[in-house]
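Here the structure comes first, spelled out in structure tokens, and everything after it is commentary.
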Amino acid sequence: MNAHYLDADVQHWRSIFESSGREVFDRRFQVVAALDLRPGMHVADVGAGTGLYTMLFARAVGESGVVYAVDISPSFVASIEKRARDYHAGNIVGIVNTERSTELPPGSVDLVFLADTYHHFAFPRSMLNSIHAALKPGGVLAILDFRRQPGFSSPWVMGHVRAGRAQVMQEVQGAGFEYLDEPLQLRTNYCLRFRKLGD
């Protein structure tokens, strides 16, 4: 599923990911507002892609905060790092991760954000364990992903997305998280927040 991202053509994907008509692009400012980010927070944008949300998070957490742009694609990460330099965003750190680990330091972040990324997890339990370890005590996992509903979702979503909302909730709660809320109502996607348990 993820092989075509490993040597990604960034301009090609930017024309897709950052285009009108894609709900996570059109509603990006409302999504960021719903996450309740504050200056000084440490945030991980896992599956950062072209850096759309990374750049918005960098502004929200300010110079005293840190945003980790995490992606399995070295070309995506390099592109985000260049974009950060171009915009003089000195609080962005790029990380090339694996399909089993975020490669984030333990207890390093207040929030992990996944935008249209969870369904790409080939090893969801391993990734959830890695996210759990990377979060500070009481840290938040926010998942923005496609609704997968027969009769509602497109044939592409039905064939492409592994798990629907209910299954995602079950998997995440089974990995040491408690459901918090759905802070934003979307049409073709859903936005869920979970809090890390333990510690």
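Naming scheme: A, B, ... for chains in displayed order of the structure tokens; residues 1 onward per chain; ligands 1 onward as shown.
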- Message: At a cut-off of 10 Å, using only C-alpha atoms, what residues contact Leu111 (chain A)? Leave out same-chain residues fewer than 3 positions from it and give the result as a ChimeraX atom specification.
- Response: /A:35,37,41-45,67,108,114,131,134-136,138-142,193-196
- Please give the complete set of residues from region 67-136 of chain A that DSSP, run on the backbone, assigns to strand (DSSP E), formatted as a PyMOL selection string. chain A and resi 67-71+92-96+109-115+135-136
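Shell of Phe123 (chain A) at 7 Å, with only C-alpha atoms counted and residues fewer than 3 places along the chain excluded, is A:Glu99, A:Arg100, A:Ser126, A:Met127.
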Saved selection, atoms kept: N, CA, C and O atoms, as a PDB file, in the first residue's frame:
ATOM      1  N   GLU A  99       7.500   1.349   8.974  1.00  0.00           N
ATOM      2  CA  GLU A  99       6.101   0.927   9.023  1.00  0.00           C
ATOM      3  C   GLU A  99       5.703   0.372  10.387  1.00  0.00           C
ATOM      4  O   GLU A  99       4.526   0.171  10.655  1.00  0.00           O
ATOM      5  N   ARG A 100       6.682   0.150  11.267  1.00  0.00           N
ATOM      6  CA  ARG A 100       6.398  -0.385  12.596  1.00  0.00           C
ATOM      7  C   ARG A 100       6.644   0.607  13.721  1.00  0.00           C
ATOM      8  O   ARG A 100       6.270   0.355  14.868  1.00  0.00           O
ATOM      9  N   SER A 126       1.698  -2.273  16.186  1.00  0.00           N
ATOM     10  CA  SER A 126       3.069  -1.801  16.400  1.00  0.00           C
ATOM     11  C   SER A 126       3.135  -0.286  16.370  1.00  0.00           C
ATOM     12  O   SER A 126       3.811   0.341  17.196  1.00  0.00           O
ATOM     13  N   MET A 127       2.423   0.321  15.429  1.00  0.00           N
ATOM     14  CA  MET A 127       2.432   1.783  15.338  1.00  0.00           C
ATOM     15  C   MET A 127       1.737   2.418  16.539  1.00  0.00           C
ATOM     16  O   MET A 127       2.202   3.430  17.077  1.00  0.00           O
TER      17      MET A 127
END
- Contacts of Phe57 (chain A) at 8 Å (only C-alpha atoms; same-chain gap of 2+ positions) as number ranges by chain: A: 32, 37, 43, 53-55, 59-61, 67
For the residues in the current selection, export N, CA, C and O atoms as a PDB file, in the first residue's frame.
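selection.pdb was written with the following content:
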ATOM      1  N   VAL A  32      -7.307  22.358  12.754  1.00  0.00           N
ATOM      2  CA  VAL A  32      -6.269  22.850  13.664  1.00  0.00           C
ATOM      3  C   VAL A  32      -6.896  23.498  14.890  1.00  0.00           C
ATOM      4  O   VAL A  32      -6.465  23.256  16.029  1.00  0.00           O
ATOM      5  N   LEU A  37      -4.354  23.534  20.124  1.00  0.00           N
ATOM      6  CA  LEU A  37      -2.908  23.647  20.271  1.00  0.00           C
ATOM      7  C   LEU A  37      -2.552  24.944  20.991  1.00  0.00           C
ATOM      8  O   LEU A  37      -3.228  25.956  20.844  1.00  0.00           O
ATOM      9  N   VAL A  43       4.380  18.519  19.109  1.00  0.00           N
ATOM     10  CA  VAL A  43       3.369  17.834  18.296  1.00  0.00           C
ATOM     11  C   VAL A  43       4.067  16.977  17.253  1.00  0.00           C
ATOM     12  O   VAL A  43       5.080  17.391  16.679  1.00  0.00           O
ATOM     13  N   TYR A  53      -0.296  20.127   7.228  1.00  0.00           N
ATOM     14  CA  TYR A  53      -0.602  20.357   8.639  1.00  0.00           C
ATOM     15  C   TYR A  53       0.653  20.686   9.438  1.00  0.00           C
ATOM     16  O   TYR A  53       0.579  21.446  10.413  1.00  0.00           O
ATOM     17  N   THR A  54       1.776  20.152   9.046  1.00  0.00           N
ATOM     18  CA  THR A  54       3.026  20.469   9.750  1.00  0.00           C
ATOM     19  C   THR A  54       3.234  21.970   9.828  1.00  0.00           C
ATOM     20  O   THR A  54       3.555  22.512  10.895  1.00  0.00           O
ATOM     21  N   MET A  55       3.051  22.644   8.715  1.00  0.00           N
ATOM     22  CA  MET A  55       3.295  24.089   8.680  1.00  0.00           C
ATOM     23  C   MET A  55       2.280  24.845   9.537  1.00  0.00           C
ATOM     24  O   MET A  55       2.630  25.813  10.218  1.00  0.00           O
ATOM     25  N   ARG A  59       3.096  27.096  13.244  1.00  0.00           N
ATOM     26  CA  ARG A  59       2.629  28.442  13.603  1.00  0.00           C
ATOM     27  C   ARG A  59       1.867  28.403  14.929  1.00  0.00           C
ATOM     28  O   ARG A  59       2.027  29.286  15.773  1.00  0.00           O
ATOM     29  N   ALA A  60       1.046  27.365  15.131  1.00  0.00           N
ATOM     30  CA  ALA A  60       0.200  27.295  16.328  1.00  0.00           C
ATOM     31  C   ALA A  60       1.002  27.100  17.608  1.00  0.00           C
ATOM     32  O   ALA A  60       0.650  27.659  18.649  1.00  0.00           O
ATOM     33  N   VAL A  61       2.084  26.309  17.559  1.00  0.00           N
ATOM     34  CA  VAL A  61       2.849  26.042  18.784  1.00  0.00           C
ATOM     35  C   VAL A  61       3.946  27.075  19.024  1.00  0.00           C
ATOM     36  O   VAL A  61       4.529  27.129  20.107  1.00  0.00           O
ATOM     37  N   VAL A  67       7.465  20.794  16.246  1.00  0.00           N
ATOM     38  CA  VAL A  67       6.626  19.923  15.416  1.00  0.00           C
ATOM     39  C   VAL A  67       7.521  18.905  14.728  1.00  0.00           C
ATOM     40  O   VAL A  67       8.454  19.277  14.004  1.00  0.00           O
TER      41      VAL A  67
END
Picked from chain A by DSSP as alpha helix (DSSP H), as a short mmCIF file (atom, residue, chain, number, x, y, z; two decimals) with C-alpha atoms, in the first residue's frame:
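This is the output file out31.cif:
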data_model
loop_
_atom_site.label_atom_id
_atom_site.label_comp_id
_atom_site.auth_asym_id
_atom_site.auth_seq_id
_atom_site.Cartn_x
_atom_site.Cartn_y
_atom_site.Cartn_z
CA ALA A 3 5.46 1.50 -1.66
CA HIS A 4 4.54 4.29 -4.09
CA TYR A 5 5.20 6.89 -1.38
CA LEU A 6 8.76 5.81 -0.60
CA VAL A 10 6.36 15.68 -4.03
CA GLN A 11 4.87 18.09 -6.57
CA HIS A 12 2.52 15.40 -7.85
CA TRP A 13 1.27 14.58 -4.35
CA ARG A 14 1.03 18.24 -3.35
CA SER A 15 -1.35 18.80 -6.28
CA ILE A 16 -3.53 16.02 -4.81
CA PHE A 17 -3.16 16.52 -1.07
CA GLU A 23 -12.11 17.78 2.88
CA VAL A 24 -8.96 17.65 5.01
CA PHE A 25 -7.58 20.53 2.93
CA ASP A 26 -10.77 22.60 2.75
CA ARG A 28 -7.74 22.52 7.60
CA PHE A 29 -8.10 25.65 9.71
CA GLN A 30 -11.10 24.22 11.57
CA VAL A 31 -9.20 20.98 12.15
CA VAL A 32 -6.27 22.85 13.66
CA ALA A 33 -8.59 24.93 15.84
CA ALA A 34 -10.32 21.78 17.09
CA LEU A 52 0.20 20.83 4.95
CA TYR A 53 -0.60 20.36 8.64
CA THR A 54 3.03 20.47 9.75
CA MET A 55 3.29 24.09 8.68
CA LEU A 56 0.01 25.04 10.35
CA PHE A 57 1.06 23.31 13.57
CA ALA A 58 4.41 25.10 13.53
CA ARG A 59 2.63 28.44 13.60
CA ALA A 60 0.20 27.29 16.33
CA VAL A 61 2.85 26.04 18.78
CA PRO A 74 12.48 10.43 2.66
CA SER A 75 11.46 12.74 -0.20
CA PHE A 76 8.41 13.98 1.73
CA VAL A 77 10.52 14.66 4.83
CA ALA A 78 13.24 16.43 2.83
CA SER A 79 10.59 18.55 1.11
CA ILE A 80 9.04 19.56 4.43
CA GLU A 81 12.45 20.49 5.82
CA LYS A 82 13.05 22.69 2.77
CA ARG A 83 9.60 24.22 3.11
CA ALA A 84 10.35 24.96 6.76
CA ARG A 85 13.59 26.72 5.81
CA ASP A 86 11.82 28.71 3.10
CA PRO A 124 -1.43 -0.92 13.35
CA ARG A 125 -0.67 -2.44 16.76
CA SER A 126 3.07 -1.80 16.40
CA MET A 127 2.43 1.78 15.34
CA LEU A 128 -0.05 2.36 18.15
CA ASN A 129 2.45 0.99 20.66
CA SER A 130 5.08 3.36 19.25
CA ILE A 131 2.67 6.31 19.44
CA HIS A 132 1.73 5.39 23.00
CA ALA A 133 5.40 5.34 24.00
CA ALA A 134 6.11 8.67 22.27
CA PRO A 155 -15.89 2.68 -4.22
CA TRP A 156 -12.31 3.99 -3.93
CA VAL A 157 -12.64 4.44 -0.16
CA MET A 158 -14.32 1.05 0.25
CA GLY A 159 -11.44 -0.61 -1.59
CA HIS A 160 -8.61 1.50 -0.20
CA ARG A 165 -14.55 4.26 12.36
CA ALA A 166 -15.80 1.57 14.76
CA GLN A 167 -12.87 -0.74 14.08
CA VAL A 168 -10.38 2.12 14.44
CA MET A 169 -11.88 3.01 17.82
CA GLN A 170 -11.67 -0.61 18.92
CA GLU A 171 -8.03 -0.94 17.85
CA VAL A 172 -6.96 2.33 19.46
CA GLN A 173 -8.76 1.70 22.75
#
- Item | Contacts of Thr117 (chain A) at 10 Å (only C-alpha atoms; same-chain gap of 6+ positions) as number ranges by chain | A: 45-49, 71, 143-146, 161
Given the selection you just returned, output its residues as a file containing N, CA, C and O atoms, formatted as a compact mmCIF listing (two decimals), in the first residue's frame.
# COMPACT_ATOMS: atom_id res chain seq x y z
N ASP A 45 3.28 15.21 13.62
CA ASP A 45 2.42 15.03 12.45
C ASP A 45 2.90 13.75 11.77
O ASP A 45 3.85 13.76 10.99
N VAL A 46 2.27 12.63 12.11
CA VAL A 46 2.72 11.31 11.62
C VAL A 46 1.99 11.00 10.32
O VAL A 46 0.76 11.03 10.26
N GLY A 47 2.78 10.70 9.29
CA GLY A 47 2.23 10.61 7.94
C GLY A 47 2.07 12.01 7.39
O GLY A 47 1.05 12.36 6.80
N ALA A 48 3.10 12.83 7.61
CA ALA A 48 3.02 14.27 7.33
C ALA A 48 2.85 14.59 5.86
O ALA A 48 2.38 15.68 5.52
N GLY A 49 3.24 13.68 4.99
CA GLY A 49 3.05 13.91 3.55
C GLY A 49 3.78 15.14 3.06
O GLY A 49 4.99 15.27 3.23
N ASP A 71 7.36 10.79 8.46
CA ASP A 71 6.83 10.11 7.27
C ASP A 71 7.81 9.01 6.86
O ASP A 71 9.01 9.11 7.09
N ILE A 143 -7.01 11.41 15.38
CA ILE A 143 -7.09 10.66 14.13
C ILE A 143 -8.15 11.28 13.23
O ILE A 143 -9.32 11.38 13.59
N LEU A 144 -7.71 11.68 12.06
CA LEU A 144 -8.59 12.21 11.02
C LEU A 144 -8.50 11.23 9.85
O LEU A 144 -7.43 11.03 9.29
N ASP A 145 -9.61 10.58 9.54
CA ASP A 145 -9.54 9.57 8.48
C ASP A 145 -10.89 9.45 7.77
O ASP A 145 -11.88 10.05 8.18
N PHE A 146 -10.89 8.66 6.71
CA PHE A 146 -12.07 8.51 5.86
C PHE A 146 -13.17 7.70 6.55
O PHE A 146 -12.88 6.68 7.18
N VAL A 161 -9.51 1.84 2.02
CA VAL A 161 -9.42 2.05 3.47
C VAL A 161 -9.68 0.73 4.19
O VAL A 161 -10.72 0.09 4.00
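Using only C-alpha atoms, the nearest neighbour of Glu18 (chain A) within the list A:Gly65, A:Thr50, A:Tyr179, A:Gly198 is A:Thr50.
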- Query: Any idea what the distance is between CA of Leu184 (chain A) and CA of Ala115 (chain A)?
  - Reply: 13.5 Å
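For the pair CA of Asn91 (chain A) and CA of Asp110 (chain A), the separation is 14.9 Å.
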- Suppose you want the space between CA of Phe121 (chain A) and CA of Leu197 (chain A); what is it in Å?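 Separating CA of Phe121 (chain A) from CA of Leu197 (chain A) is a distance of 21.3 Å.
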